[in-house]
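Next up, work-v4.cif (mmCIF, C-alpha atoms):
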```
data_target
loop_
_atom_site.group_PDB
_atom_site.id
_atom_site.type_symbol
_atom_site.label_atom_id
_atom_site.label_comp_id
_atom_site.auth_asym_id
_atom_site.auth_seq_id
_atom_site.Cartn_x
_atom_site.Cartn_y
_atom_site.Cartn_z
ATOM 1 C CA MET A 1 9.851 5.725 9.471
ATOM 2 C CA HIS A 2 6.256 5.474 10.564
ATOM 3 C CA LEU A 3 5.329 2.465 12.743
ATOM 4 C CA ALA A 4 8.796 0.976 12.341
ATOM 5 C CA HIS A 5 8.089 -1.209 15.387
ATOM 6 C CA LEU A 6 5.104 -2.835 13.622
ATOM 7 C CA ILE A 7 5.758 -2.679 9.873
ATOM 8 C CA ARG A 8 8.727 -4.533 8.413
ATOM 9 C CA TRP A 9 9.968 -1.658 6.292
ATOM 10 C CA ASN A 10 13.408 -3.252 5.913
ATOM 11 C CA ASP A 11 11.827 -6.074 3.921
ATOM 12 C CA LEU A 12 10.242 -3.611 1.491
ATOM 13 C CA ILE A 13 13.450 -1.576 1.239
ATOM 14 C CA TYR A 14 15.320 -4.777 0.348
ATOM 15 C CA CYS A 15 12.861 -5.401 -2.501
ATOM 16 C CA VAL A 16 12.898 -1.902 -4.021
ATOM 17 C CA SER A 17 16.605 -1.093 -3.596
ATOM 18 C CA GLU A 18 18.759 -1.106 -6.687
ATOM 19 C CA PRO A 19 22.418 -0.183 -7.165
ATOM 20 C CA ALA A 20 22.638 3.223 -8.826
ATOM 21 C CA GLY A 21 25.127 2.997 -11.664
ATOM 22 C CA GLY A 22 27.936 0.444 -11.773
ATOM 23 C CA ALA A 23 28.275 -2.448 -14.230
ATOM 24 C CA ASN A 24 25.494 -3.467 -16.593
ATOM 25 C CA PRO A 25 23.059 -6.003 -15.107
ATOM 26 C CA ILE A 26 23.307 -9.631 -16.163
ATOM 27 C CA SER A 27 20.256 -11.678 -17.138
ATOM 28 C CA MET A 28 20.145 -15.220 -15.715
ATOM 29 C CA PRO A 29 17.468 -17.972 -15.569
ATOM 30 C CA THR A 30 15.798 -17.923 -12.153
ATOM 31 C CA GLY A 31 13.672 -20.698 -10.644
ATOM 32 C CA ASN A 32 10.045 -19.966 -9.786
ATOM 33 C CA VAL A 33 10.266 -21.760 -6.393
ATOM 34 C CA CYS A 34 13.757 -21.057 -5.060
ATOM 35 C CA GLU A 35 14.072 -17.663 -6.819
ATOM 36 C CA GLN A 36 17.733 -18.390 -7.433
ATOM 37 C CA ILE A 37 19.879 -18.789 -10.518
ATOM 38 C CA HIS A 38 19.869 -22.173 -12.287
ATOM 39 C CA LEU A 39 22.906 -23.021 -14.400
ATOM 40 C CA ARG A 40 20.946 -24.690 -17.161
ATOM 41 C CA LYS A 41 23.539 -24.257 -19.904
ATOM 42 C CA LYS A 42 27.293 -24.175 -20.186
ATOM 43 C CA ARG A 43 27.268 -20.426 -20.878
ATOM 44 C CA HIS A 44 25.506 -19.852 -17.550
ATOM 45 C CA ARG A 45 28.367 -21.576 -15.731
ATOM 46 C CA LEU A 46 30.907 -19.500 -17.631
ATOM 47 C CA ILE A 47 29.090 -16.286 -16.735
ATOM 48 C CA VAL A 48 29.156 -17.153 -13.031
ATOM 49 C CA GLU A 49 32.842 -18.040 -13.231
ATOM 50 C CA ARG A 50 33.568 -14.621 -14.735
ATOM 51 C CA HIS A 51 31.316 -12.800 -12.246
ATOM 52 C CA PRO A 52 31.943 -14.251 -8.761
ATOM 53 C CA TYR A 53 29.354 -11.933 -7.157
ATOM 54 C CA LEU A 54 26.655 -14.115 -8.763
ATOM 55 C CA GLN A 55 27.733 -17.230 -6.863
ATOM 56 C CA HIS A 56 25.702 -16.413 -3.736
ATOM 57 C CA SER A 57 22.566 -16.327 -5.937
ATOM 58 C CA VAL A 58 23.043 -19.786 -7.510
ATOM 59 C CA CYS A 59 20.666 -22.561 -6.408
ATOM 60 C CA THR A 60 22.633 -25.406 -4.806
ATOM 61 C CA ASP A 61 19.639 -27.578 -3.883
ATOM 62 C CA ASP A 62 19.767 -30.818 -5.881
ATOM 63 C CA ALA A 63 16.121 -31.448 -4.956
ATOM 64 C CA CYS A 64 14.898 -28.008 -6.029
ATOM 65 C CA THR A 65 11.292 -28.209 -7.259
ATOM 66 C CA SER A 66 11.447 -25.215 -9.595
ATOM 67 C CA ASP A 67 9.791 -26.134 -12.887
ATOM 68 C CA ARG A 68 9.658 -22.715 -14.545
ATOM 69 C CA PHE A 69 12.540 -20.371 -15.188
ATOM 70 C CA GLU A 70 12.384 -16.706 -16.078
ATOM 71 C CA GLU A 71 15.184 -14.333 -16.996
ATOM 72 C CA ARG A 72 15.950 -11.847 -14.206
ATOM 73 C CA LEU A 73 18.519 -9.091 -14.008
ATOM 74 C CA TYR A 74 21.299 -9.312 -11.422
ATOM 75 C CA HIS A 75 23.303 -6.216 -10.572
ATOM 76 C CA PHE A 76 26.831 -5.941 -9.328
ATOM 77 C CA LYS A 77 27.069 -3.895 -6.162
ATOM 78 C CA SER A 78 30.316 -2.734 -4.672
ATOM 79 C CA SER A 79 30.820 -1.063 -1.318
ATOM 80 C CA SER A 80 31.115 2.274 -3.114
ATOM 81 C CA ASP A 81 27.817 1.938 -4.996
ATOM 82 C CA LYS A 82 24.975 4.190 -3.943
ATOM 83 C CA THR A 83 21.586 2.530 -3.545
ATOM 84 C CA ARG A 84 18.553 3.825 -5.430
ATOM 85 C CA LEU A 85 15.078 3.491 -3.889
ATOM 86 C CA GLN A 86 12.189 3.326 -6.330
ATOM 87 C CA LEU A 87 8.592 2.126 -6.659
ATOM 88 C CA ARG A 88 9.704 -0.898 -8.659
ATOM 89 C CA ILE A 89 10.658 -4.404 -7.567
ATOM 90 C CA HIS A 90 14.347 -5.191 -7.897
ATOM 91 C CA HIS A 91 14.396 -8.979 -8.275
ATOM 92 C CA GLN A 92 16.656 -10.760 -5.807
ATOM 93 C CA PRO A 93 16.720 -14.324 -4.421
ATOM 94 C CA ASP A 94 14.443 -13.620 -1.435
ATOM 95 C CA THR A 95 12.168 -11.025 -3.034
ATOM 96 C CA ARG A 96 8.892 -12.924 -2.754
ATOM 97 C CA LYS A 97 9.521 -14.017 0.813
ATOM 98 C CA ARG A 98 10.440 -10.488 1.878
ATOM 99 C CA LEU A 99 7.366 -8.998 0.171
ATOM 100 C CA GLU A 100 5.118 -11.490 1.937
ATOM 101 C CA SER A 101 6.730 -10.535 5.235
ATOM 102 C CA PHE A 102 6.197 -6.821 4.590
ATOM 103 C CA MET A 103 2.572 -7.191 3.516
ATOM 104 C CA GLN A 104 1.668 -9.433 6.449
ATOM 105 C CA SER A 105 3.103 -6.896 8.892
ATOM 106 C CA PHE A 106 1.259 -4.122 7.018
ATOM 107 C CA PHE A 107 -2.055 -5.979 7.247
ATOM 108 C CA ASP A 108 -1.495 -6.845 10.916
ATOM 109 C CA ALA A 109 -0.733 -3.220 11.809
ATOM 110 C CA MET A 110 -3.810 -1.917 9.975
ATOM 111 C CA LYS A 111 -6.066 -4.494 11.586
ATOM 112 C CA SER A 112 -4.746 -3.806 15.078
ATOM 113 C CA ILE A 113 -5.202 -0.034 14.833
ATOM 114 C CA GLY A 114 -8.513 -0.222 12.962
ATOM 115 C CA GLU A 115 -10.051 -2.688 15.418
ATOM 116 C CA ALA A 116 -9.203 -0.360 18.294
ATOM 117 C CA ASN A 117 -11.086 2.474 16.568
ATOM 118 C CA ALA A 118 -14.126 0.265 15.919
ATOM 119 C CA THR A 119 -14.861 -0.535 19.552
ATOM 120 C CA ARG A 120 -16.322 2.664 20.962
ATOM 121 C CA LYS A 121 -19.591 3.159 22.828
ATOM 122 C CA HIS A 122 -22.744 2.286 20.892
ATOM 123 C CA LEU A 123 -24.998 5.341 20.360
ATOM 124 C CA ASN A 124 -28.780 5.436 20.579
ATOM 125 C CA GLN A 125 -30.814 6.755 17.641
ATOM 126 C CA ASN A 126 -31.001 10.342 18.902
ATOM 127 C CA SER A 127 -27.278 10.570 19.578
ATOM 128 C CA LEU A 128 -26.532 8.969 16.224
ATOM 129 C CA LYS A 129 -28.792 11.531 14.497
ATOM 130 C CA GLU A 130 -26.973 14.415 16.194
ATOM 131 C CA GLU A 131 -23.584 13.101 15.090
ATOM 132 C CA ILE A 132 -24.694 12.505 11.495
ATOM 133 C CA ASP A 133 -26.503 15.856 11.214
ATOM 134 C CA GLN A 134 -23.411 17.692 12.419
ATOM 135 C CA ILE A 135 -21.170 15.975 9.861
ATOM 136 C CA GLU A 136 -23.641 16.519 7.007
ATOM 137 C CA LEU A 137 -24.053 20.186 7.882
ATOM 138 C CA THR A 138 -20.341 20.871 8.386
ATOM 139 C CA CYS A 139 -19.206 19.013 5.271
ATOM 140 C CA GLU A 140 -22.163 19.949 3.014
ATOM 141 C CA ILE A 141 -22.732 16.354 1.927
ATOM 142 C CA GLU A 142 -25.358 15.577 -0.708
ATOM 143 C CA ARG A 143 -27.784 13.076 0.803
ATOM 144 C CA GLU A 144 -27.565 10.541 -2.021
ATOM 145 C CA LYS A 145 -23.776 10.313 -1.685
ATOM 146 C CA ASP A 146 -23.466 7.859 1.180
ATOM 147 C CA TYR A 147 -19.847 7.171 0.246
ATOM 148 C CA GLU A 148 -19.026 10.822 0.987
ATOM 149 C CA LEU A 149 -20.702 10.543 4.390
ATOM 150 C CA VAL A 150 -18.590 7.461 5.160
ATOM 151 C CA TYR A 151 -15.450 9.229 3.928
ATOM 152 C CA TYR A 152 -15.978 12.226 6.215
ATOM 153 C CA MET A 153 -16.729 9.957 9.174
ATOM 154 C CA LEU A 154 -13.520 8.012 8.603
ATOM 155 C CA SER A 155 -11.539 11.219 8.143
ATOM 156 C CA ARG A 156 -12.782 12.254 11.605
ATOM 157 C CA ASN A 157 -11.647 8.965 13.113
ATOM 158 C CA ARG A 158 -15.235 7.756 13.597
ATOM 159 C CA LEU A 159 -15.205 4.203 12.288
ATOM 160 C CA ASP A 160 -17.560 3.424 15.175
ATOM 161 C CA LEU A 161 -20.184 5.718 13.621
ATOM 162 C CA VAL A 162 -19.783 4.144 10.193
ATOM 163 C CA LEU A 163 -20.417 0.678 11.601
ATOM 164 C CA GLN A 164 -23.669 1.902 13.182
ATOM 165 C CA LEU A 165 -25.059 3.401 9.960
ATOM 166 C CA PRO A 166 -26.965 0.240 8.894
ATOM 167 C CA SER A 167 -29.024 0.459 12.118
ATOM 168 C CA TYR A 168 -29.789 4.182 11.704
ATOM 169 C CA ASN A 169 -33.560 4.299 11.121
ATOM 170 C CA ARG A 170 -33.650 7.795 9.589
ATOM 171 C CA ARG A 171 -31.241 7.029 6.760
ATOM 172 C CA LYS A 172 -30.621 3.472 5.666
ATOM 173 C CA VAL A 173 -27.042 3.087 4.523
ATOM 174 C CA ASP A 174 -25.930 -0.061 2.703
ATOM 175 C CA LEU A 175 -22.229 -0.326 3.555
ATOM 176 C CA GLN A 176 -21.626 -3.025 0.955
ATOM 177 C CA TRP A 177 -22.980 -0.680 -1.720
ATOM 178 C CA VAL A 178 -20.828 2.139 -0.307
ATOM 179 C CA LEU A 179 -17.633 0.074 -0.538
ATOM 180 C CA ASN A 180 -18.396 -1.015 -4.091
ATOM 181 C CA SER A 181 -19.863 2.285 -5.299
ATOM 182 C CA LYS A 182 -18.786 3.578 -8.690
ATOM 183 C CA ILE A 183 -18.285 7.198 -9.616
ATOM 184 C CA THR A 184 -18.636 8.653 -13.094
ATOM 185 C CA ILE A 185 -16.039 11.308 -13.746
ATOM 186 C CA THR A 186 -14.875 13.311 -16.712
ATOM 187 C CA GLN A 187 -12.154 10.964 -17.926
ATOM 188 C CA ALA A 188 -12.925 7.622 -16.273
ATOM 189 C CA VAL A 189 -15.379 5.516 -14.336
ATOM 190 C CA GLY A 190 -14.101 3.744 -11.276
ATOM 191 C CA ASN A 191 -14.472 2.763 -7.670
ATOM 192 C CA TYR A 192 -14.616 5.808 -5.404
ATOM 193 C CA TRP A 193 -12.245 4.277 -2.849
ATOM 194 C CA SER A 194 -9.734 2.920 -5.362
ATOM 195 C CA PHE A 195 -8.650 6.402 -6.386
ATOM 196 C CA LEU A 196 -8.243 7.638 -2.841
ATOM 197 C CA ILE A 197 -6.440 4.607 -1.392
ATOM 198 C CA TYR A 198 -4.125 4.331 -4.404
ATOM 199 C CA TYR A 199 -2.873 7.893 -3.964
ATOM 200 C CA LEU A 200 -2.676 7.570 -0.198
ATOM 201 C CA LEU A 201 -0.496 4.485 -0.654
ATOM 202 C CA ILE A 202 1.793 6.260 -3.132
ATOM 203 C CA THR A 203 2.289 9.046 -0.600
ATOM 204 C CA TYR A 204 2.619 6.829 2.458
ATOM 205 C CA ILE A 205 5.106 4.394 0.922
ATOM 206 C CA SER A 206 7.155 6.993 -0.974
ATOM 207 C CA VAL A 207 7.572 9.322 2.015
ATOM 208 C CA ASN A 208 8.563 6.445 4.292
ATOM 209 C CA LEU A 209 11.140 5.263 1.768
ATOM 210 C CA ALA A 210 12.458 8.812 1.501
ATOM 211 C CA LEU A 211 12.779 8.995 5.282
ATOM 212 C CA ALA A 212 14.740 5.734 5.230
ATOM 213 C CA ALA A 213 16.973 7.133 2.492
ATOM 214 C CA ALA A 214 17.795 10.161 4.632
ATOM 215 C CA ASP A 215 19.542 7.834 7.082
ATOM 216 C CA SER A 216 21.246 5.629 4.489
ATOM 217 C CA LYS A 217 21.994 8.448 2.012
ATOM 218 C CA ALA A 218 20.311 6.442 -0.757
ATOM 219 C CA ASP A 219 19.244 8.033 -4.042
ATOM 220 C CA THR A 220 15.532 9.031 -3.993
ATOM 221 C CA SER A 221 15.380 10.704 -7.419
ATOM 222 C CA SER A 222 13.218 7.855 -8.755
ATOM 223 C CA LEU A 223 10.560 8.283 -6.045
ATOM 224 C CA PRO A 224 7.504 10.356 -7.128
ATOM 225 C CA LEU A 225 7.959 12.985 -4.398
ATOM 226 C CA LYS A 226 7.468 15.905 -6.802
ATOM 227 C CA ARG A 227 4.293 14.332 -8.161
ATOM 228 C CA ILE A 228 2.870 13.990 -4.645
ATOM 229 C CA HIS A 229 2.642 17.777 -4.359
ATOM 230 C CA ASP A 230 -0.135 17.646 -6.991
ATOM 231 C CA PHE A 231 -2.339 15.365 -4.881
ATOM 232 C CA GLY A 232 -3.559 18.385 -2.947
ATOM 233 C CA VAL A 233 -6.152 19.134 -5.626
ATOM 234 C CA ASP A 234 -8.883 16.639 -6.514
ATOM 235 C CA CYS A 235 -9.200 15.842 -10.210
ATOM 236 C CA ASP A 236 -11.393 13.021 -11.510
ATOM 237 C CA GLY A 237 -11.939 11.553 -8.058
ATOM 238 C CA ARG A 238 -10.747 12.215 -4.541
ATOM 239 C CA TYR A 239 -6.946 12.169 -4.370
ATOM 240 C CA PHE A 240 -6.136 12.889 -0.772
ATOM 241 C CA LEU A 241 -7.427 13.465 2.746
ATOM 242 C CA HIS A 242 -8.812 16.989 2.832
ATOM 243 C CA THR A 243 -7.478 17.458 6.366
ATOM 244 C CA GLN A 244 -3.877 16.768 5.303
ATOM 245 C CA ARG A 245 -3.524 18.670 2.033
ATOM 246 C CA HIS A 246 -1.495 21.389 3.716
ATOM 247 C CA ALA A 247 1.231 18.797 4.360
ATOM 248 C CA LEU A 248 1.767 18.319 0.604
ATOM 249 C CA GLN A 249 2.834 21.900 -0.049
ATOM 250 C CA HIS A 250 6.308 22.745 -1.269
ATOM 251 C CA GLY A 251 8.438 23.635 1.691
ATOM 252 C CA VAL A 252 6.323 21.478 4.008
ATOM 253 C CA LEU A 253 6.481 17.896 2.715
ATOM 254 C CA MET A 254 9.748 16.336 3.948
ATOM 255 C CA LYS A 255 10.853 19.799 5.135
ATOM 256 C CA ASP A 256 8.606 20.156 8.183
ATOM 257 C CA ALA A 257 9.317 16.953 10.110
ATOM 258 C CA GLU A 258 6.431 17.274 12.573
ATOM 259 C CA THR A 259 3.828 17.988 9.881
ATOM 260 C CA THR A 260 5.133 15.147 7.715
ATOM 261 C CA ARG A 261 4.991 12.686 10.623
ATOM 262 C CA SER A 262 1.470 13.820 11.499
ATOM 263 C CA MET A 263 0.386 13.327 7.889
ATOM 264 C CA LEU A 264 1.781 9.767 7.816
ATOM 265 C CA LYS A 265 -0.025 8.984 11.060
ATOM 266 C CA GLU A 266 -3.368 10.255 9.721
ATOM 267 C CA ILE A 267 -2.976 8.474 6.382
ATOM 268 C CA PHE A 268 -2.295 5.156 8.074
ATOM 269 C CA ARG A 269 -5.073 5.634 10.605
ATOM 270 C CA PHE A 270 -7.558 6.306 7.777
ATOM 271 C CA MET A 271 -6.343 3.290 5.783
ATOM 272 C CA ALA A 272 -6.510 1.079 8.880
ATOM 273 C CA ASP A 273 -10.106 2.103 9.581
ATOM 274 C CA PHE A 274 -11.077 1.529 5.958
ATOM 275 C CA TYR A 275 -9.402 -1.890 5.943
ATOM 276 C CA VAL A 276 -11.264 -2.991 9.084
ATOM 277 C CA LEU A 277 -14.512 -1.657 7.593
ATOM 278 C CA GLN A 278 -13.885 -3.837 4.529
ATOM 279 C CA ILE A 279 -13.194 -6.863 6.740
ATOM 280 C CA LYS A 280 -16.442 -6.419 8.668
ATOM 281 C CA VAL A 281 -18.571 -5.837 5.567
ATOM 282 C CA LEU A 282 -16.894 -7.834 2.784
ATOM 283 C CA GLY A 283 -14.694 -10.329 4.639
ATOM 284 C CA GLU A 284 -10.953 -10.462 5.260
ATOM 285 C CA VAL A 285 -10.091 -12.458 2.130
ATOM 286 C CA THR A 286 -11.774 -9.894 -0.115
ATOM 287 C CA ALA A 287 -10.178 -7.023 1.800
ATOM 288 C CA LYS A 288 -6.641 -8.388 1.541
ATOM 289 C CA THR A 289 -6.990 -9.194 -2.153
ATOM 290 C CA TRP A 290 -8.337 -5.677 -2.814
ATOM 291 C CA TRP A 291 -5.344 -4.057 -1.087
ATOM 292 C CA LEU A 292 -2.779 -6.197 -2.903
ATOM 293 C CA GLU A 293 -4.155 -4.911 -6.197
ATOM 294 C CA LYS A 294 -3.669 -1.299 -5.057
ATOM 295 C CA ILE A 295 0.012 -1.418 -4.031
ATOM 296 C CA PRO A 296 1.609 1.188 -6.360
ATOM 297 C CA ILE A 297 4.893 -0.624 -6.988
ATOM 298 C CA ASP A 298 5.793 -1.881 -10.465
ATOM 299 C CA ASP A 299 5.967 -5.703 -10.723
ATOM 300 C CA PHE A 300 4.595 -6.055 -7.169
ATOM 301 C CA GLN A 301 1.505 -7.986 -8.273
ATOM 302 C CA ASP A 302 3.596 -10.199 -10.574
ATOM 303 C CA VAL A 303 5.919 -11.262 -7.762
ATOM 304 C CA LEU A 304 3.475 -11.482 -4.868
ATOM 305 C CA VAL A 305 0.626 -13.690 -6.017
ATOM 306 C CA VAL A 306 -1.162 -14.802 -2.863
ATOM 307 C CA ASP A 307 -4.375 -16.830 -2.785
ATOM 308 C CA TYR A 308 -5.791 -15.707 0.542
ATOM 309 C CA ALA A 309 -8.924 -17.798 0.030
ATOM 310 C CA SER A 310 -6.947 -21.063 -0.008
ATOM 311 C CA GLN A 311 -4.861 -19.878 2.963
ATOM 312 C CA ASN A 312 -8.076 -19.217 4.866
ATOM 313 C CA ASP A 313 -9.404 -22.689 4.035
ATOM 314 C CA GLU A 314 -6.285 -24.269 5.477
#
```
Encoding of this model in structure tokens:
Amino acid sequence: MHLAHLIRWNDLIYCVSEPAGGANPISMPTGNVCEQIHLRKKRHRLIVERHPYLQHSVCTDDACTSDRFEERLYHFKSSSDKTRLQLRIHHQPDTRKRLESFMQSFFDAMKSIGEANATRKHLNQNSLKEEIDQIELTCEIEREKDYELVYYMLSRNRLDLVLQLPSYNRRKVDLQWVLNSKITITQAVGNYWSFLIYYLLITYISVNLALAAADSKADTSSLPLKRIHDFGVDCDGRYFLHTQRHALQHGVLMKDAETTRSMLKEIFRFMADFYVLQIKVLGEVTAKTWWLEKIPIDDFQDVLVVDYASQNDE
């Protein structure tokens, strides 16, 4: 798995792993604070007595402060059950805590790598012009599309150039406008970066989960690996890094280990640079909140509700 020494992938795997097959799941009232089962009625006690595997999920804290209870499904898992990995939260007692751990490690890794790419030598106006002219000429960028210029700079690992654009006297670039820019496309109107980052995250997370499954022999049939092959062609927005589309081809993705690893490295490097750009232009609270909304895992936003503004105030 990519950056396994920095990103707590095991926490995410815990949250998206579900027993494949086996007995039908059982719905039980779960506290909003402890995230454990509360035996609120006699029938709940009887259910636990009949299904001993639920006992480890029962709240035993007499001072528990949970004041809301929602029905969650609990699955029986035997040693012979095969685990299924999917882009959906499988609710367990420590789900929220484990998701917070994963996301914090994800943010920390992006910030560390992005900051390193932001601290290169400052260029004078002539050198900056040469760099920008070369990118515009090579990539055939329309001059009014500053977001495309920023994209191509980031794809070339030149966050340092992007951060110098506001001081470039031959072409004034408003980075805040670039980050919030909207695009009008045939079927939708949306933020230019939202499309790209969303699909990069689907690919990055799904492929890493699939790599983890190769070691554990987990079921990956629910992961959108076949769909990822289609990201190689832009449709209604930019779907993928143009430099890495070859890695999405059939017979290459997950088949060619070196190419797949290189693709994961470039995806994360691009996302890290974009995240640090957001921090420097919009602020870290805004950046973190924006990324949480883009995580392509069902029920993720319902479970992990984090007010980064209040955390920052503290």
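Minimum distance to Leu201 of chain A across A:Arg120, A:Lys145, A:Lys280, A:Lys294 (counting all atoms listed in the file) occurs at A:Lys294.
Minimum atom-to-atom distance to Asp146 of chain A, evaluated using all atoms listed in the file, belongs to A:Gln176 out of A:Gln249, A:Ser57, A:Gln244, A:Gln176.
If you measure from each of A:Trp290, A:Tyr168, A:Phe69, A:Trp193 to Gln125 of chain A using all atoms listed in the file, the closest one turns out to be A:Tyr168.
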For this session: Starting from the point (11.7, 13.4, -1.6), work out which residues of protein, DNA or RNA have an atom no more than 8 Å away when counting all atoms listed in the file; state them as a PyMOL selection string.
Result: chain A and resi 206-207+210+220-221+223-226+254
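Candidate residues A:Gly251, A:Gly31, A:Pro296, A:Pro52 were compared for distance to His229 of chain A, and the nearest is A:Gly251, using only C-alpha atoms.
As for atom CA of Thr203 of chain A and atom CA of Glu100 of chain A, they are spaced 20.9 Å apart.
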Seminar exercise, completed: One residue among A:Leu54, A:Leu200, A:Ala63, A:Cys139 is nearest to Phe231 of chain A when using only C-alpha atoms, and that residue is A:Leu200
For this session: Quick one: pull the distance between atom CA of Ile135 of chain A and atom CA of Glu148 of chain A, Å, one decimal.
Result: 10.5 Å
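For the choices A:Lys111, A:His122, A:Arg245, A:Arg8, the atom-to-atom distance to Ser262 of chain A is smallest for A:Arg245 when using only C-alpha atoms.
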